[in-house]
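Visitor: What follows is input.tsv, TSV, C-alpha atoms.
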```tsv
chain	number	residue	atom	x	y	z
Z	1	MET	CA	-4.23	138.22	91.84
Z	2	ALA	CA	-0.97	137.40	90.07
Z	3	GLN	CA	0.60	134.08	90.97
Z	4	GLU	CA	3.56	134.55	93.29
Z	5	GLN	CA	6.94	132.95	92.70
Z	6	GLY	CA	6.62	129.22	93.06
Z	7	GLU	CA	2.94	129.38	93.97
Z	8	SER	CA	1.12	126.27	92.81
Z	9	SER	CA	-2.30	126.53	91.19
Z	10	GLU	CA	-2.65	122.74	91.06
Z	11	PHE	CA	-5.32	122.54	93.71
Z	12	ARG	CA	-7.44	125.26	92.16
Z	13	SER	CA	-7.14	123.91	88.62
Z	14	ASN	CA	-7.96	120.32	89.50
Z	15	ALA	CA	-10.53	120.75	92.22
Z	16	SER	CA	-13.50	120.99	89.88
Z	17	SER	CA	-12.58	117.97	87.78
Z	18	ARG	CA	-11.52	115.47	90.44
Z	19	PRO	CA	-13.02	114.42	93.75
Z	20	LEU	CA	-11.34	116.07	96.71
Z	21	THR	CA	-10.00	112.77	98.04
Z	22	GLY	CA	-8.20	112.26	94.75
Z	23	LEU	CA	-5.91	115.15	95.59
Z	24	LEU	CA	-4.71	113.88	98.92
Z	25	VAL	CA	-1.31	112.22	99.15
Z	26	SER	CA	-0.75	109.30	101.52
Z	27	ARG	CA	2.26	107.20	102.44
Z	28	ARG	CA	4.13	105.21	99.82
Z	29	VAL	CA	4.93	101.65	100.78
Z	30	ARG	CA	8.14	100.05	99.57
Z	31	PRO	CA	9.63	96.57	99.91
Z	32	LEU	CA	11.11	96.01	103.35
Z	33	GLU	CA	14.66	95.72	102.06
Z	34	LEU	CA	14.44	99.25	100.61
Z	35	LEU	CA	12.95	101.00	103.61
Z	36	GLN	CA	14.46	104.25	104.83
Z	37	VAL	CA	12.28	107.30	105.59
Z	38	ASP	CA	9.41	105.67	103.72
Z	39	ALA	CA	6.41	106.94	105.68
Z	40	GLY	CA	6.91	110.61	104.83
Z	41	ILE	CA	8.19	113.89	106.21
Z	42	TYR	CA	5.85	116.07	108.25
Z	43	THR	CA	7.25	119.50	109.10
Z	44	TYR	CA	5.85	122.68	110.62
Z	45	GLY	CA	7.22	126.17	109.99
Z	46	ALA	CA	10.48	124.81	108.62
Z	47	PRO	CA	12.96	127.19	106.94
Z	48	GLY	CA	14.30	126.42	103.47
Z	49	SER	CA	17.03	123.81	103.37
Z	50	ALA	CA	18.64	123.70	99.91
Z	51	ASN	CA	18.76	125.13	96.41
Z	52	PRO	CA	17.44	123.49	94.32
Z	53	ALA	CA	14.72	121.74	96.31
Z	54	LEU	CA	15.74	118.42	97.84
Z	55	PRO	CA	14.18	115.41	96.06
Z	56	ASP	CA	13.33	111.93	97.28
Z	57	LEU	CA	15.71	110.03	95.02
Z	58	SER	CA	14.04	106.71	95.83
Z	59	HIS	CA	11.14	107.77	93.56
Z	60	LYS	CA	11.30	108.70	89.91
Z	61	ASP	CA	9.17	111.79	90.44
Z	62	GLY	CA	11.39	112.97	93.30
Z	63	CYS	CA	8.42	113.32	95.65
Z	64	PHE	CA	8.51	112.65	99.37
Z	65	ALA	CA	5.35	111.35	100.99
Z	66	GLY	CA	4.02	113.55	103.81
Z	67	LEU	CA	3.22	117.24	104.17
Z	68	ARG	CA	5.05	120.52	104.80
Z	69	THR	CA	2.84	122.96	106.68
Z	70	TRP	CA	3.20	126.62	107.58
Z	71	THR	CA	0.70	129.01	109.11
Z	72	GLU	CA	-0.44	131.98	107.05
Z	73	ASP	CA	-2.87	134.84	107.63
Z	74	VAL	CA	-4.20	136.66	104.57
Z	75	LEU	CA	-4.35	140.38	105.37
Z	76	THR	CA	-5.44	141.67	101.97
Z	77	PRO	CA	-5.61	140.05	98.52
Z	78	ALA	CA	-1.98	141.10	98.06
Z	79	THR	CA	-0.44	140.82	101.56
Z	80	LYS	CA	0.07	138.02	104.05
Z	81	GLU	CA	1.62	137.26	107.41
Z	82	VAL	CA	3.40	133.92	107.67
Z	83	ASP	CA	5.23	131.82	110.24
Z	84	ALA	CA	8.45	133.78	110.68
Z	85	ALA	CA	10.77	130.77	110.64
Z	86	ALA	CA	9.33	129.47	107.37
Z	87	ILE	CA	10.34	132.70	105.63
Z	88	SER	CA	13.64	133.20	107.46
Z	89	ASP	CA	15.82	132.31	104.47
Z	90	GLN	CA	15.44	132.29	100.71
Z	91	LEU	CA	16.39	128.66	100.08
Z	92	ASP	CA	13.98	126.15	98.57
Z	93	HIS	CA	11.96	123.58	100.48
Z	94	PRO	CA	11.88	119.83	99.69
Z	95	GLN	CA	9.64	118.25	97.08
Z	96	VAL	CA	6.63	117.31	99.18
Z	97	ALA	CA	2.96	118.30	99.29
Z	98	THR	CA	2.36	121.62	101.04
Z	99	LEU	CA	-0.35	123.26	103.12
Z	100	ARG	CA	-0.72	126.98	103.74
Z	101	LEU	CA	-2.58	126.66	107.02
Z	102	HIS	CA	-5.20	129.36	107.50
Z	103	ALA	CA	-7.45	130.09	110.48
Z	104	GLU	CA	-10.16	127.54	111.35
Z	105	SER	CA	-12.95	129.58	109.75
Z	106	GLU	CA	-11.08	130.01	106.46
Z	107	ASN	CA	-10.06	127.78	103.57
Z	108	SER	CA	-6.42	126.69	103.57
Z	109	HIS	CA	-4.38	126.14	100.41
Z	110	PHE	CA	-3.10	122.67	99.50
Z	111	ALA	CA	-0.68	121.78	96.70
Z	112	GLN	CA	0.28	118.27	95.69
Z	113	CYS	CA	3.94	117.30	95.48
Z	114	PRO	CA	6.29	118.84	94.52
Z	115	GLY	CA	4.35	121.48	96.44
Z	116	GLU	CA	5.29	125.13	96.64
Z	117	VAL	CA	9.03	124.67	96.92
Z	118	HIS	CA	9.71	128.43	96.70
Z	119	GLN	CA	7.07	129.45	99.25
Z	120	PRO	CA	6.85	131.31	101.50
Z	121	PHE	CA	8.96	133.85	99.63
Z	122	SER	CA	8.53	137.57	100.11
Z	123	LYS	CA	8.58	140.18	97.39
Z	124	GLY	CA	7.61	142.78	99.96
Z	125	ASN	CA	4.14	141.33	100.34
Z	126	GLN	CA	4.73	138.52	102.89
Z	127	PHE	CA	5.61	139.48	106.44
Z	128	ALA	CA	7.17	137.38	109.21
Z	129	ASP	CA	5.08	136.87	112.35
Z	130	TRP	CA	6.58	134.89	115.23
Z	131	LEU	CA	3.16	134.56	116.86
Z	132	LEU	CA	2.28	132.19	114.01
Z	133	HIS	CA	5.24	129.94	114.83
Z	134	TRP	CA	3.97	128.13	117.90
Z	135	GLU	CA	1.70	125.18	118.67
Z	136	PRO	CA	-1.35	127.23	119.79
Z	137	LYS	CA	-1.59	128.48	116.18
Z	138	TYR	CA	-0.96	125.09	114.54
Z	139	LYS	CA	-3.11	122.74	116.66
Z	140	PRO	CA	-6.58	124.28	116.15
Z	141	ARG	CA	-5.95	124.97	112.48
Z	142	LEU	CA	-4.78	121.42	111.78
Z	143	GLU	CA	-7.73	120.11	113.77
Z	144	HIS	CA	-10.15	121.94	111.45
Z	145	VAL	CA	-8.50	122.06	108.02
Z	146	SER	CA	-10.89	123.28	105.33
Z	147	LEU	CA	-10.39	123.18	101.56
Z	148	LEU	CA	-13.00	124.59	99.19
Z	149	ASP	CA	-15.43	124.83	102.14
Z	150	GLN	CA	-15.01	121.13	102.93
Z	151	ASP	CA	-13.65	119.87	106.25
Z	152	VAL	CA	-10.76	117.55	105.33
Z	153	ALA	CA	-9.12	117.20	108.75
Z	154	ASP	CA	-9.86	113.46	108.83
Z	155	GLN	CA	-8.39	112.87	105.37
Z	156	GLU	CA	-4.75	112.18	104.58
Z	157	PRO	CA	-2.22	113.70	104.75
Z	158	PHE	CA	-3.91	116.21	107.08
Z	159	ARG	CA	-4.90	113.73	109.76
Z	160	THR	CA	-1.34	112.43	110.10
Z	161	ALA	CA	0.02	115.99	110.07
Z	162	TYR	CA	-2.28	116.82	112.99
Z	163	LEU	CA	-1.14	113.74	114.94
Z	164	TYR	CA	2.57	114.18	114.32
Z	165	ASN	CA	2.39	117.88	115.13
Z	166	ARG	CA	2.14	116.86	118.77
Z	167	ILE	CA	5.31	114.77	118.50
Z	168	ALA	CA	7.20	117.63	116.87
Z	169	TYR	CA	6.35	120.14	119.59
Z	170	LYS	CA	6.90	117.68	122.45
Z	171	GLN	CA	10.61	117.79	121.66
Z	172	TYR	CA	10.69	120.94	123.79
Z	173	ASP	CA	8.94	119.32	126.77
Z	174	SER	CA	10.02	116.98	129.53
Z	175	THR	CA	9.94	113.27	128.76
Z	176	GLU	CA	7.24	112.75	131.39
Z	177	HIS	CA	4.97	115.34	129.78
Z	178	ALA	CA	5.84	114.20	126.27
Z	179	LYS	CA	4.79	110.62	127.04
Z	180	LYS	CA	1.47	111.76	128.45
Z	181	HIS	CA	0.60	114.29	125.76
Z	182	ILE	CA	1.59	112.07	122.83
Z	183	LYS	CA	-0.67	109.30	124.15
Z	184	GLU	CA	-3.51	111.77	124.63
Z	185	ARG	CA	-3.53	112.66	120.95
Z	186	LEU	CA	-2.20	109.57	119.17
Z	187	GLY	CA	-3.38	106.84	121.56
Z	188	ASP	CA	-2.00	104.69	124.36
Z	189	HIS	CA	-0.28	102.42	121.84
Z	190	TRP	CA	2.23	105.15	120.92
Z	191	ASN	CA	5.38	105.02	123.02
Z	192	ILE	CA	8.59	107.02	123.26
Z	193	VAL	CA	11.14	104.25	122.73
Z	194	SER	CA	14.27	106.37	122.53
Z	195	ARG	CA	15.24	109.91	123.44
Z	196	VAL	CA	18.87	110.88	123.16
Z	197	THR	CA	20.28	114.35	123.79
Z	198	VAL	CA	23.69	115.90	123.29
Z	199	VAL	CA	24.53	118.78	125.64
Z	200	THR	CA	27.16	121.38	124.84
Z	201	GLY	CA	28.30	124.64	126.39
Z	202	ALA	CA	27.54	126.34	129.67
Z	203	ALA	CA	25.77	129.43	131.00
Z	204	SER	CA	24.41	131.48	128.08
Z	205	MET	CA	25.95	129.04	125.58
Z	206	TYR	CA	24.29	125.98	127.15
Z	207	ASP	CA	22.56	123.96	124.43
Z	208	GLU	CA	20.55	120.73	124.21
Z	209	ASP	CA	20.01	118.90	120.92
Z	210	PRO	CA	17.66	115.90	121.19
Z	211	ILE	CA	16.47	113.21	118.80
Z	212	MET	CA	13.35	111.26	119.75
Z	213	LEU	CA	11.89	108.03	118.38
Z	214	VAL	CA	8.20	107.24	118.91
Z	215	GLN	CA	6.71	103.87	117.97
Z	216	ASN	CA	3.20	102.55	117.35
Z	217	SER	CA	3.22	99.28	119.32
Z	218	GLN	CA	0.44	97.80	117.17
Z	219	ASN	CA	2.15	97.94	113.77
Z	220	PHE	CA	5.70	98.96	114.80
Z	221	GLU	CA	5.69	102.13	112.68
Z	222	CYS	CA	7.99	104.85	114.00
Z	223	VAL	CA	8.33	108.61	113.92
Z	224	LEU	CA	11.78	110.19	114.20
Z	225	ALA	CA	11.66	113.73	115.60
Z	226	PHE	CA	14.19	116.56	115.52
Z	227	ALA	CA	13.97	119.74	117.60
Z	228	GLY	CA	14.10	123.36	116.54
Z	229	LEU	CA	16.04	126.23	118.08
Z	230	ASN	CA	16.32	125.96	121.85
Z	231	ASN	CA	19.24	128.32	122.45
Z	232	TYR	CA	19.29	131.59	120.54
Z	233	GLY	CA	22.79	132.34	121.82
Z	234	ASN	CA	24.53	129.80	119.59
Z	235	GLU	CA	21.88	128.12	117.41
Z	236	LEU	CA	20.93	131.44	115.84
Z	237	ALA	CA	24.37	131.32	114.22
Z	238	THR	CA	23.47	127.87	112.87
Z	239	ALA	CA	20.19	129.13	111.41
Z	240	THR	CA	21.76	132.19	109.79
Z	241	ASP	CA	24.70	130.33	108.24
Z	242	VAL	CA	23.00	130.17	104.84
Z	243	ARG	CA	26.15	129.44	102.87
Z	244	LYS	CA	25.61	126.61	100.41
Z	245	ALA	CA	27.50	123.42	101.17
Z	246	SER	CA	27.63	119.83	99.97
Z	247	PHE	CA	25.93	117.07	101.90
Z	248	CYS	CA	25.29	113.43	101.04
Z	249	GLY	CA	25.87	114.09	97.35
Z	250	PHE	CA	23.65	117.19	97.27
Z	251	GLU	CA	25.72	120.20	96.27
Z	252	ALA	CA	23.91	123.19	97.74
Z	253	VAL	CA	22.29	122.69	101.13
Z	254	HIS	CA	22.05	125.08	104.08
Z	255	ALA	CA	25.54	124.91	105.65
Z	256	GLY	CA	24.39	125.62	109.20
Z	257	TYR	CA	21.75	122.90	109.20
Z	258	ARG	CA	24.15	120.45	107.58
Z	259	ASP	CA	26.76	121.05	110.27
Z	260	GLU	CA	24.14	120.74	113.04
Z	261	LEU	CA	22.86	117.44	111.66
Z	262	ARG	CA	26.36	116.05	111.26
Z	263	ARG	CA	27.20	116.89	114.88
Z	264	MET	CA	24.03	115.23	116.15
Z	265	ILE	CA	24.48	112.12	114.02
Z	266	LYS	CA	28.08	111.70	115.18
Z	267	ASP	CA	27.21	111.99	118.88
Z	268	LEU	CA	23.73	110.43	119.04
Z	269	TRP	CA	23.10	108.07	116.14
Z	270	PRO	CA	25.07	105.13	117.64
Z	271	LEU	CA	22.55	105.23	120.52
Z	272	MET	CA	19.57	105.23	118.15
Z	273	GLN	CA	20.52	102.71	115.44
Z	274	SER	CA	19.51	99.53	117.26
Z	275	LYS	CA	16.07	101.00	118.00
Z	276	ILE	CA	15.17	102.38	114.58
Z	277	ALA	CA	16.29	99.07	113.05
Z	278	LYS	CA	13.18	97.44	114.54
Z	279	CYS	CA	10.69	99.89	112.99
Z	280	SER	CA	8.41	98.61	110.22
Z	281	HIS	CA	8.20	102.05	108.60
Z	282	VAL	CA	9.82	105.39	109.45
Z	283	ALA	CA	8.44	108.91	109.18
Z	284	CYS	CA	10.33	112.06	110.12
Z	285	THR	CA	8.96	115.17	111.79
Z	286	GLY	CA	10.19	118.47	113.16
Z	287	HIS	CA	9.19	122.02	113.99
Z	288	SER	CA	11.18	125.04	112.80
Z	289	MET	CA	14.87	124.11	112.37
Z	290	GLY	CA	13.89	120.60	113.41
Z	291	GLY	CA	11.88	120.37	110.19
Z	292	SER	CA	14.89	121.44	108.14
Z	293	LEU	CA	17.07	118.82	109.86
Z	294	CYS	CA	14.38	116.28	109.04
Z	295	ASP	CA	14.48	117.36	105.37
Z	296	LEU	CA	18.23	116.83	105.15
Z	297	PHE	CA	18.13	113.53	107.04
Z	298	ALA	CA	15.32	112.11	104.87
Z	299	ALA	CA	16.89	113.26	101.60
Z	300	CYS	CA	20.14	111.53	102.53
Z	301	ALA	CA	18.46	108.39	103.88
Z	302	ASN	CA	16.45	107.98	100.66
Z	303	SER	CA	19.29	108.88	98.31
Z	304	GLY	CA	20.66	105.36	97.95
Z	305	ARG	CA	24.18	106.80	97.99
Z	306	HIS	CA	25.62	103.93	100.00
Z	307	ASP	CA	29.24	104.98	99.49
Z	308	ASP	CA	28.72	108.53	100.71
Z	309	PRO	CA	30.16	109.24	104.20
Z	310	ASP	CA	27.05	111.16	105.30
Z	311	PHE	CA	24.79	108.30	104.16
Z	312	ARG	CA	26.88	105.72	106.01
Z	313	ALA	CA	26.99	107.82	109.17
Z	314	GLN	CA	23.19	107.99	109.51
Z	315	SER	CA	22.29	104.58	108.07
Z	316	TRP	CA	20.91	101.62	109.96
Z	317	LYS	CA	20.64	97.89	109.35
Z	318	LYS	CA	17.02	96.81	109.17
Z	319	GLU	CA	15.88	93.98	111.41
Z	320	VAL	CA	12.59	92.12	111.77
Z	321	PRO	CA	10.03	94.74	112.91
Z	322	SER	CA	9.14	94.31	116.56
Z	323	MET	CA	7.75	96.19	119.53
Z	324	LEU	CA	10.25	98.28	121.46
Z	325	PRO	CA	9.84	98.98	125.17
Z	326	GLU	CA	8.84	102.47	126.24
Z	327	ILE	CA	11.69	104.25	127.98
Z	328	SER	CA	11.24	104.25	131.75
Z	329	ASP	CA	13.50	107.20	132.41
Z	330	CYS	CA	14.22	110.43	130.55
Z	331	GLY	CA	16.48	108.82	127.95
Z	332	GLN	CA	20.21	109.06	127.37
Z	333	THR	CA	22.35	112.19	127.52
Z	334	VAL	CA	25.77	112.78	125.99
Z	335	TYR	CA	27.74	115.62	127.62
Z	336	LYS	CA	30.49	117.13	125.49
Z	337	ASP	CA	33.69	118.45	127.07
Z	338	GLY	CA	32.96	121.47	129.25
Z	339	ALA	CA	29.19	121.04	129.03
Z	340	GLU	CA	27.15	122.20	132.01
Z	341	HIS	CA	25.19	119.51	133.89
Z	342	ARG	CA	22.19	121.75	134.41
Z	343	CYS	CA	19.63	119.13	135.40
Z	344	LYS	CA	19.24	115.35	135.63
Z	345	CYS	CA	16.82	114.97	132.75
Z	346	PRO	CA	17.05	117.31	129.73
Z	347	PRO	CA	15.35	119.33	128.47
Z	348	CYS	CA	16.13	121.43	131.52
Z	349	PRO	CA	13.85	124.24	132.69
Z	350	LYS	CA	14.70	127.54	131.02
```
Give the structure from the file, written as structure tokens.

Guide:
Amino acid sequence: MAQEQGESSEFRSNASSRPLTGLLVSRRVRPLELLQVDAGIYTYGAPGSANPALPDLSHKDGCFAGLRTWTEDVLTPATKEVDAAAISDQLDHPQVATLRLHAESENSHFAQCPGEVHQPFSKGNQFADWLLHWEPKYKPRLEHVSLLDQDVADQEPFRTAYLYNRIAYKQYDSTEHAKKHIKERLGDHWNIVSRVTVVTGAASMYDEDPIMLVQNSQNFECVLAFAGLNNYGNELATATDVRKASFCGFEAVHAGYRDELRRMIKDLWPLMQSKIAKCSHVACTGHSMGGSLCDLFAACANSGRHDDPDFRAQSWKKEVPSMLPEISDCGQTVYKDGAEHRCKCPPCPK
């Protein structure tokens, strides 16, 4: 079969000459004074975010640690169905290792960083399937990842991708449920230490945009999570605004996602800065549009562009790593002018 645009053959070409574990990419550790999003980006079904692909400018090779994952079903040697959000625009994805996640009984396809920055990309042979977009398709596949007929689910970066997948999807759930379900998968030592939500609009235009911070109380590592689309009435316009715009010194990013991230940082980041400052390391995760917001946030955080207004807006001053208390309520909510107070604790029932 001819190699598709951007399709990496790195895994196939190296698999016979190197042990499987030699292909797997783990976290990169940096001196404390340089820490930003240093523990990687882990995204699921994220649309493209920029053109060209966003690099991690804190590394010479431009590679983020972590893993970008999307579900894929091979129909024939020439045709595939893929997570619909991942193929919803034709922009590139960030420079990070990638995993085409196939069904549990099949081999998936892994590519080391820079990964398949142009994939998924349809030339009439890849078809969008929204059924592949949701957690019931991701969880069992990540739990049983197979490469070259070997189960690698317990190897990195697949193990971490499986764990953080729960955090990414819990952005759509109540705080009470999110606490319980995150602990069930990651362990009792993982706590939601901050959850902040900005609410805009009313009736059909009602919208909630949360950011969540989860911390490992044993080593003080944190995961920052963004949410995907939760209101198709207005956020669909955000997702489809594929004009190219400048952001944090990058000249051609997805304008809709840039604007969404800027709004959230302006309204919510002052409530988050004192918490993330106490994290020993920071990873970023998100599902769907949440993954694209994570891409933009991490690229800016790791850019080192200290004089850029976007960098300054989302920066934080690092403190001595320490354990943060788990939130006892549902977090903090910012209501914009005219916003509907639909329930006491967002996310509100649909």

Visitor: Which residue is closest to Lys266 (chain Z)? Choose from Z:Lys350, Z:Arg185, Z:His287, Z:Lys336 and count all atoms listed in the file.

Guide: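 Ranked by minimum distance to Lys266 (chain Z), first place goes to Z:Lys336.
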
Visitor: Nearest residue to Gln171 (chain Z) out of Z:Cys348, Z:Ala245, Z:Leu75, Z:Leu324, using all atoms listed in the file?

Guide: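 Going through Z:Cys348, Z:Ala245, Z:Leu75, Z:Leu324 one by one, the smallest distance to Gln171 (chain Z) is for Z:Cys348.
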
Visitor: With only C-alpha atoms as the basis for distance, which of Z:Tyr335, Z:Phe121, Z:Phe127, Z:Tyr162 is at the shortest distance from Arg68 (chain Z)?

Guide: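 Distance minimum relative to Arg68 (chain Z) lands on Z:Tyr162.
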
Visitor: Rank nothing, just name the residue among Z:Leu163, Z:Leu296, Z:Leu213, Z:Ala97 nearest to His254 (chain Z), using all atoms listed in the file.

Guide: Z:Leu296

Visitor: Just the residues within 9 Å of Glu221 (chain Z), please, counting only C-alpha atoms, with nothing from its chain fewer than 2 positions along; format it as a PyMOL selection string.

Guide: chain Z and resi 39+214-219+223+279-283+321

Visitor: Which residues are near Val242 (chain Z)? Cut-off 7 Å, only C-alpha atoms, ignore same chain within fewer than 2 positions. Put them as a list in words.

Guide: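 Those residues are Thr240, Lys244, His254, Ala255 and Gly256 of chain Z.
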
Visitor: Can you tell me which residues surround region 101-111 of chain Z at a distance of at most 8 Å, considering only C-alpha atoms, apart from same-chain residues fewer than 5 positions away, and format the answer as a list in words?

Guide: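 Contacts, in chain order: Ser8, Ser9, Glu10, Phe11, Thr69, Trp70, Thr71, Glu72, Asp73, Val74, Glu116, Tyr138, Pro140, Arg141, Leu142, His144, Val145, Ser146, Leu147, Leu148 and Asp149 of chain Z.
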
Visitor: At a cut-off of 8 Å, using all atoms listed in the file, what residues contact Ser58 (chain Z)? Leave out same-chain residues fewer than 6 positions from it and give the result as a PDB file with C-alpha atoms, in the frame of the given file.

Guide:
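For reference, out_12.pdb as written:
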```
ATOM      1  CA  ASN Z 302      16.450 107.980 100.660  1.00  0.00           C
ATOM      2  CA  SER Z 303      19.290 108.880  98.310  1.00  0.00           C
ATOM      3  CA  GLY Z 304      20.660 105.360  97.950  1.00  0.00           C
TER       4      GLY Z 304
END
```

Visitor: Where does region 150-241 of chain Z meet region 42-55 of chain Z within 9 Å, residue by residue, with the nearest atom pair and distance in Å to one decimal for each, counting all atoms listed in the file, listed by chain and rising number, as CSV?

Guide:
```
residue,atom,partner,partner_atom,distance
Z:Thr160,CA,Z:Tyr42,CA,8.3
Z:Ala161,CA,Z:Tyr42,CA,6.1
Z:Tyr164,CA,Z:Tyr42,CA,7.2
Z:Asn165,CA,Z:Tyr44,CA,7.4
Z:Ala168,CA,Z:Thr43,CA,8.0
Z:Gly228,CA,Z:Ala46,CA,8.8
Z:Ala239,CA,Z:Pro47,CA,8.7
```

Visitor: Give me, please, the distance in Å between CA of Ser174 (chain Z) and CA of Gln332 (chain Z), quoted to one decimal.

Guide: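 According to the coordinates, CA of Ser174 (chain Z) and CA of Gln332 (chain Z) are separated by 13.1 Å.
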
Visitor: I need the residue nearest Leu67 (chain Z) from this list: Z:Asn191, Z:Asp207, Z:Asp295, Z:Ala301. Use all atoms listed in the file for the distance.

Guide: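 The answer is Z:Asp295, which sits nearest to Leu67 (chain Z).
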
Visitor: I'd like the neighbourhood of Asp337 (chain Z) as a PDB file with C-alpha atoms, in the frame of the given file, where a residue qualifies if any of its atoms comes within 12 Å (using all atoms listed in the file), though same-chain residues fewer than 4 positions away should be ignored.

Guide:
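Result saved to part30.pdb:
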```pdb
ATOM      1  CA  VAL Z 198      23.690 115.900 123.290  1.00  0.00           C
ATOM      2  CA  VAL Z 199      24.530 118.780 125.640  1.00  0.00           C
ATOM      3  CA  THR Z 200      27.160 121.380 124.840  1.00  0.00           C
ATOM      4  CA  GLY Z 201      28.300 124.640 126.390  1.00  0.00           C
ATOM      5  CA  ALA Z 202      27.540 126.340 129.670  1.00  0.00           C
ATOM      6  CA  HIS Z 341      25.190 119.510 133.890  1.00  0.00           C
TER       7      HIS Z 341
END
```

Visitor: Provide the CA of Asp38 (chain Z) to CA of Ile211 (chain Z) distance in Å, to one decimal place.

Guide: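 Result for CA of Asp38 (chain Z) versus CA of Ile211 (chain Z): 18.3 Å, one decimal.
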
Visitor: What does the structure give for the distance between CA of Val196 (chain Z) and CA of Glu184 (chain Z), in Å to one decimal?

Guide: 22.4 Å

Visitor: Scan for residues within 8 Å of the point (10.6, 131.5, 108.0) in the coordinates of the file, using all atoms listed in the file, and reply as a ChimeraX atom specification.

Guide: /Z:45-48,82-89,120,128

Visitor: Which of these residues is nearest to Met205 (chain Z), using all atoms listed in the file: Z:Glu340, Z:Asp92, Z:Asp308, Z:Glu135?

Guide: Z:Glu340
